[in-house]
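For reference, final.pdb is printed below; it contains PDB, C-alpha atoms.
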ATOM      1  CA  MET A   1     -26.735 126.349 157.669
ATOM      2  CA  LYS A   2     -28.270 125.059 160.902
ATOM      3  CA  ALA A   3     -30.671 122.828 158.936
ATOM      4  CA  ILE A   4     -27.740 121.427 156.941
ATOM      5  CA  GLU A   5     -25.881 120.773 160.191
ATOM      6  CA  TYR A   6     -28.856 118.817 161.597
ATOM      7  CA  ALA A   7     -29.308 116.912 158.342
ATOM      8  CA  LYS A   8     -25.666 115.847 158.260
ATOM      9  CA  LYS A   9     -25.745 114.875 161.944
ATOM     10  CA  HIS A  10     -28.718 112.567 161.309
ATOM     11  CA  ASP A  11     -27.546 111.276 157.911
ATOM     12  CA  VAL A  12     -30.370 113.003 156.009
ATOM     13  CA  PRO A  13     -29.649 113.956 152.378
ATOM     14  CA  VAL A  14     -29.422 117.682 151.670
ATOM     15  CA  VAL A  15     -31.011 118.847 148.411
ATOM     16  CA  LEU A  16     -30.114 122.156 146.760
ATOM     17  CA  THR A  17     -31.716 123.819 143.760
ATOM     18  CA  LEU A  18     -29.321 126.339 142.234
ATOM     19  CA  GLY A  19     -31.964 128.840 141.151
ATOM     20  CA  THR A  20     -30.066 131.213 138.868
ATOM     21  CA  LYS A  21     -26.966 131.015 136.712
ATOM     22  CA  TYR A  22     -25.883 134.551 137.630
ATOM     23  CA  VAL A  23     -25.308 133.777 141.305
ATOM     24  CA  ILE A  24     -23.345 130.639 140.406
ATOM     25  CA  ALA A  25     -21.311 132.396 137.685
ATOM     26  CA  ASP A  26     -20.126 134.976 140.243
ATOM     27  CA  ASN A  27     -18.060 132.368 142.080
ATOM     28  CA  PRO A  28     -18.316 128.800 140.732
ATOM     29  CA  ALA A  29     -15.374 127.566 142.837
ATOM     30  CA  TRP A  30     -17.170 128.615 146.039
ATOM     31  CA  TRP A  31     -20.306 126.747 144.962
ATOM     32  CA  GLN A  32     -18.322 123.654 144.015
ATOM     33  CA  GLU A  33     -16.753 123.567 147.475
ATOM     34  CA  PHE A  34     -20.116 124.249 149.151
ATOM     35  CA  LEU A  35     -21.714 121.393 147.219
ATOM     36  CA  GLN A  36     -18.920 118.989 148.086
ATOM     37  CA  GLU A  37     -19.079 119.840 151.793
ATOM     38  CA  HIS A  38     -22.834 120.152 152.353
ATOM     39  CA  VAL A  39     -25.064 118.845 149.546
ATOM     40  CA  SER A  40     -26.149 115.326 148.573
ATOM     41  CA  ILE A  41     -28.582 116.028 145.730
ATOM     42  CA  LEU A  42     -28.285 118.894 143.245
ATOM     43  CA  ALA A  43     -31.057 120.207 141.006
ATOM     44  CA  MET A  44     -30.112 122.596 138.205
ATOM     45  CA  ASN A  45     -30.953 123.598 134.677
ATOM     46  CA  GLU A  46     -28.503 123.513 131.791
ATOM     47  CA  GLU A  47     -27.568 127.213 132.162
ATOM     48  CA  GLU A  48     -26.813 126.812 135.862
ATOM     49  CA  GLY A  49     -24.908 123.636 135.037
ATOM     50  CA  GLU A  50     -22.744 125.529 132.575
ATOM     51  CA  ALA A  51     -22.059 128.304 135.095
ATOM     52  CA  LEU A  52     -21.105 125.713 137.723
ATOM     53  CA  THR A  53     -19.048 123.296 135.625
ATOM     54  CA  GLY A  54     -18.026 125.150 132.473
ATOM     55  CA  PHE A  55     -19.813 122.551 130.315
ATOM     56  CA  ALA A  56     -22.653 123.835 128.121
ATOM     57  CA  ASP A  57     -23.791 120.286 127.386
ATOM     58  CA  PRO A  58     -26.217 119.148 130.138
ATOM     59  CA  LEU A  59     -24.909 115.556 130.082
ATOM     60  CA  SER A  60     -21.344 116.717 130.645
ATOM     61  CA  ALA A  61     -22.429 119.246 133.279
ATOM     62  CA  ALA A  62     -24.430 116.623 135.196
ATOM     63  CA  ASN A  63     -21.553 114.162 134.994
ATOM     64  CA  LYS A  64     -19.058 116.787 136.247
ATOM     65  CA  ALA A  65     -21.354 117.724 139.146
ATOM     66  CA  LEU A  66     -21.026 114.124 140.366
ATOM     67  CA  ASP A  67     -17.537 115.191 141.492
ATOM     68  CA  TRP A  68     -19.288 117.085 144.305
ATOM     69  CA  VAL A  69     -22.645 115.397 145.016
ATOM     70  CA  ASP A  70     -24.263 111.946 144.937
ATOM     71  CA  LEU A  71     -27.194 112.688 142.629
ATOM     72  CA  VAL A  72     -27.813 115.371 139.994
ATOM     73  CA  LEU A  73     -31.061 116.397 138.323
ATOM     74  CA  CYS A  74     -30.443 118.594 135.292
ATOM     75  CA  THR A  75     -33.279 119.970 133.189
ATOM     76  CA  ALA A  76     -32.387 120.420 129.547
ATOM     77  CA  GLY A  77     -35.210 122.335 127.882
ATOM     78  CA  PRO A  78     -37.142 120.306 125.302
ATOM     79  CA  ALA A  79     -34.708 117.388 125.740
ATOM     80  CA  GLY A  80     -36.228 116.805 129.179
ATOM     81  CA  LEU A  81     -34.348 115.997 132.345
ATOM     82  CA  TYR A  82     -31.234 113.980 133.053
ATOM     83  CA  MET A  83     -30.622 112.226 136.356
ATOM     84  CA  ALA A  84     -26.978 111.415 137.042
ATOM     85  CA  GLY A  85     -25.919 109.264 139.949
ATOM     86  CA  PHE A  86     -23.836 106.373 141.165
ATOM     87  CA  THR A  87     -24.542 102.685 141.431
ATOM     88  CA  GLU A  88     -22.521  99.719 142.550
ATOM     89  CA  GLU A  89     -20.582  98.153 139.661
ATOM     90  CA  GLU A  90     -21.939  94.706 140.537
ATOM     91  CA  ALA A  91     -25.541  95.976 140.741
ATOM     92  CA  LYS A  92     -25.646  97.862 137.425
ATOM     93  CA  ARG A  93     -28.662  97.150 135.237
ATOM     94  CA  LYS A  94     -28.392  97.420 131.460
ATOM     95  CA  THR A  95     -31.060  99.320 129.607
ATOM     96  CA  GLN A  96     -33.528  97.607 127.332
ATOM     97  CA  HIS A  97     -33.923 100.812 125.331
ATOM     98  CA  PRO A  98     -31.722 101.871 122.414
ATOM     99  CA  LEU A  99     -28.396 103.358 123.458
ATOM    100  CA  LEU A 100     -28.418 107.111 122.978
ATOM    101  CA  PRO A 101     -25.730 109.333 121.490
ATOM    102  CA  GLY A 102     -24.493 112.426 123.238
ATOM    103  CA  ALA A 103     -21.435 114.148 124.636
ATOM    104  CA  ILE A 104     -21.072 110.969 126.702
ATOM    105  CA  PRO A 105     -21.598 108.159 124.159
ATOM    106  CA  GLU A 106     -24.243 105.587 125.143
ATOM    107  CA  PHE A 107     -24.780 107.468 128.411
ATOM    108  CA  ASN A 108     -28.011 105.593 129.128
ATOM    109  CA  GLN A 109     -26.357 102.159 129.076
ATOM    110  CA  PHE A 110     -27.124 101.516 132.770
ATOM    111  CA  GLU A 111     -30.106 103.841 133.148
ATOM    112  CA  PHE A 112     -32.182 101.316 135.120
ATOM    113  CA  SER A 113     -29.583 101.056 137.875
ATOM    114  CA  ARG A 114     -30.634 102.153 141.339
ATOM    115  CA  ALA A 115     -28.927 105.364 142.443
ATOM    116  CA  MET A 116     -26.743 105.087 145.546
ATOM    117  CA  ARG A 117     -24.642 107.409 147.644
ATOM    118  CA  HIS A 118     -21.050 107.378 146.435
ATOM    119  CA  GLN A 119     -19.806 106.512 149.933
ATOM    120  CA  ASP A 120     -22.008 103.381 149.979
ATOM    121  CA  CYS A 121     -20.461 101.966 146.794
ATOM    122  CA  VAL A 122     -17.426  99.687 146.946
ATOM    123  CA  ASN A 123     -16.877 100.047 143.181
ATOM    124  CA  PRO A 124     -18.908 103.131 142.183
ATOM    125  CA  LEU A 125     -20.111 103.505 138.609
ATOM    126  CA  ALA A 126     -21.609 106.790 137.395
ATOM    127  CA  HIS A 127     -24.686 106.531 135.205
ATOM    128  CA  ILE A 128     -27.207 108.907 133.643
ATOM    129  CA  PHE A 129     -30.922 108.305 133.139
ATOM    130  CA  PRO A 130     -32.710 110.425 130.531
ATOM    131  CA  TYR A 131     -36.231 111.496 131.484
ATOM    132  CA  ARG A 132     -37.770 112.726 128.302
ATOM    133  CA  SER A 133     -41.238 112.385 126.931
ATOM    134  CA  LEU A 134     -41.026 108.766 128.034
ATOM    135  CA  TYR A 135     -38.986 107.547 125.077
ATOM    136  CA  GLY A 136     -41.229 109.202 122.553
ATOM    137  CA  ARG A 137     -44.511 107.718 123.784
ATOM    138  CA  PRO A 138     -47.306 110.216 124.052
ATOM    139  CA  ARG A 139     -48.039 111.234 127.639
ATOM    140  CA  GLU A 140     -51.611 109.924 127.263
ATOM    141  CA  ASP A 141     -50.219 106.446 126.571
ATOM    142  CA  HIS A 142     -48.102 106.632 129.725
ATOM    143  CA  GLU A 143     -51.072 107.808 131.812
ATOM    144  CA  HIS A 144     -53.172 104.975 130.391
ATOM    145  CA  GLN A 145     -50.508 102.456 131.428
ATOM    146  CA  ARG A 146     -50.352 103.893 134.964
ATOM    147  CA  ARG A 147     -54.122 103.630 135.374
ATOM    148  CA  ARG A 148     -54.049 100.065 134.076
ATOM    149  CA  ARG A 149     -51.306  99.089 136.563
ATOM    150  CA  ARG A 150     -53.230 100.688 139.427
ATOM    151  CA  ARG A 151     -56.355  98.725 138.532
ATOM    152  CA  ALA A 152     -54.272  95.550 138.392
ATOM    153  CA  GLY A 153     -52.866  96.281 141.862
ATOM    154  CA  GLY A 154     -49.356  97.196 140.668
ATOM    155  CA  ALA A 155     -47.234 100.184 141.551
ATOM    156  CA  ALA A 156     -48.315 103.586 140.275
ATOM    157  CA  ALA A 157     -44.777 104.267 138.952
TER     158      ALA A 157
END

Can the structure from this file be put into structure tokens for me?
Amino acid sequence: MKAIEYAKKHDVPVVLTLGTKYVIADNPAWWQEFLQEHVSILAMNEEEGEALTGFADPLSAANKALDWVDLVLCTAGPAGLYMAGFTEEEAKRKTQHPLLPGAIPEFNQFEFSRAMRHQDCVNPLAHIFPYRSLYGRPREDHEHQRRRRRRAGGAAA
């Protein structure tokens, strides 16, 4: 708790990985309050997300967790990872990829928006970015593109 106190004093984000659904399931209300008071970024898997929020669907669980934190990373087995966060309404960036179905229809509509702390947004908009196998491209193709960008002097992304 001392580290969290120092982090908050110096405006440093606090990241928490839940670790096991059983600990969370024992007292989800306590964890929700703890997250809201002390944590900026939450990492969880879909089982921990369900124990925390009551939603088995990882999209819904990640979206609900935004009630307590600024950024959520939720692994979802073979589906990959979802990153849920906030952006400023005026700064939202529409995706160029197909809109995806899910418990939250077209949840990836603003997936290229830069995540911000909720308190820094005048008109906050929640958005979710799906990290999967890079939209179906083989990993080798992605690695090839990274090497090519590096050679060209671009960002390693």

Per residue of stretch 12-57 of chain A within 12 Å of stretch 82-89 of chain A, note the shortest atom pair and the distance in Å to one decimal, counting only C-alpha atoms, and order the rows by chain and increasing residue number, as a tab-separated table.
residue	atom	partner	partner_atom	distance
A:Ser40	CA	A:Gly85	CA	10.5
A:Ile41	CA	A:Gly85	CA	9.3
A:Leu42	CA	A:Ala84	CA	9.8
A:Ala43	CA	A:Met83	CA	9.2
A:Met44	CA	A:Tyr82	CA	10.1
A:Asn45	CA	A:Tyr82	CA	9.8
A:Glu46	CA	A:Tyr82	CA	10.0
A:Gly49	CA	A:Tyr82	CA	11.7
A:Asp57	CA	A:Tyr82	CA	11.3

Produce the centre coordinates and the three edge lengths, each in Å to one decimal, of the box along x, y and z that contains all listed atoms of stretch 4-22 of chain A with 5 Å added on each side, as JSON.
{"center_x": -28.8, "center_y": 122.9, "center_z": 149.3, "size_x": 16.3, "size_y": 33.3, "size_z": 35.2}

Please enumerate the residues selected by the PyMOL selection byres ((chain A and resi 19-29) around 7) when evaluated against the supplied file, formatted as a PDB file with C-alpha atoms, in the coordinates of the input.
ATOM      1  CA  THR A  17     -31.716 123.819 143.760  1.00  0.00           C
ATOM      2  CA  LEU A  18     -29.321 126.339 142.234  1.00  0.00           C
ATOM      3  CA  TRP A  30     -17.170 128.615 146.039  1.00  0.00           C
ATOM      4  CA  TRP A  31     -20.306 126.747 144.962  1.00  0.00           C
ATOM      5  CA  GLN A  32     -18.322 123.654 144.015  1.00  0.00           C
ATOM      6  CA  GLU A  33     -16.753 123.567 147.475  1.00  0.00           C
ATOM      7  CA  GLU A  47     -27.568 127.213 132.162  1.00  0.00           C
ATOM      8  CA  GLU A  48     -26.813 126.812 135.862  1.00  0.00           C
ATOM      9  CA  ALA A  51     -22.059 128.304 135.095  1.00  0.00           C
ATOM     10  CA  LEU A  52     -21.105 125.713 137.723  1.00  0.00           C
TER      11      LEU A  52
END

message = Which residues are close to A:Ala115, i.e. within 12 Å by only C-alpha atoms, leaving aside same-chain residues fewer than 3 positions away? Reply as a ChimeraX atom specification.
response = /A:41,66,70-73,83-89,91-93,110-112,118-121,124-129

For the file shown, report as a compact mmCIF listing (two decimals) with C-alpha atoms, keeping the file's coordinate frame the outcome of the PyMOL selection byres ((chain A and resi 38) around 9) at residue level.
# COMPACT_ATOMS: atom_id res chain seq x y z
CA ILE A 4 -27.74 121.43 156.94
CA GLU A 5 -25.88 120.77 160.19
CA LYS A 8 -25.67 115.85 158.26
CA VAL A 14 -29.42 117.68 151.67
CA GLU A 33 -16.75 123.57 147.48
CA PHE A 34 -20.12 124.25 149.15
CA LEU A 35 -21.71 121.39 147.22
CA GLN A 36 -18.92 118.99 148.09
CA GLU A 37 -19.08 119.84 151.79
CA VAL A 39 -25.06 118.84 149.55
CA SER A 40 -26.15 115.33 148.57
CA VAL A 69 -22.64 115.40 145.02
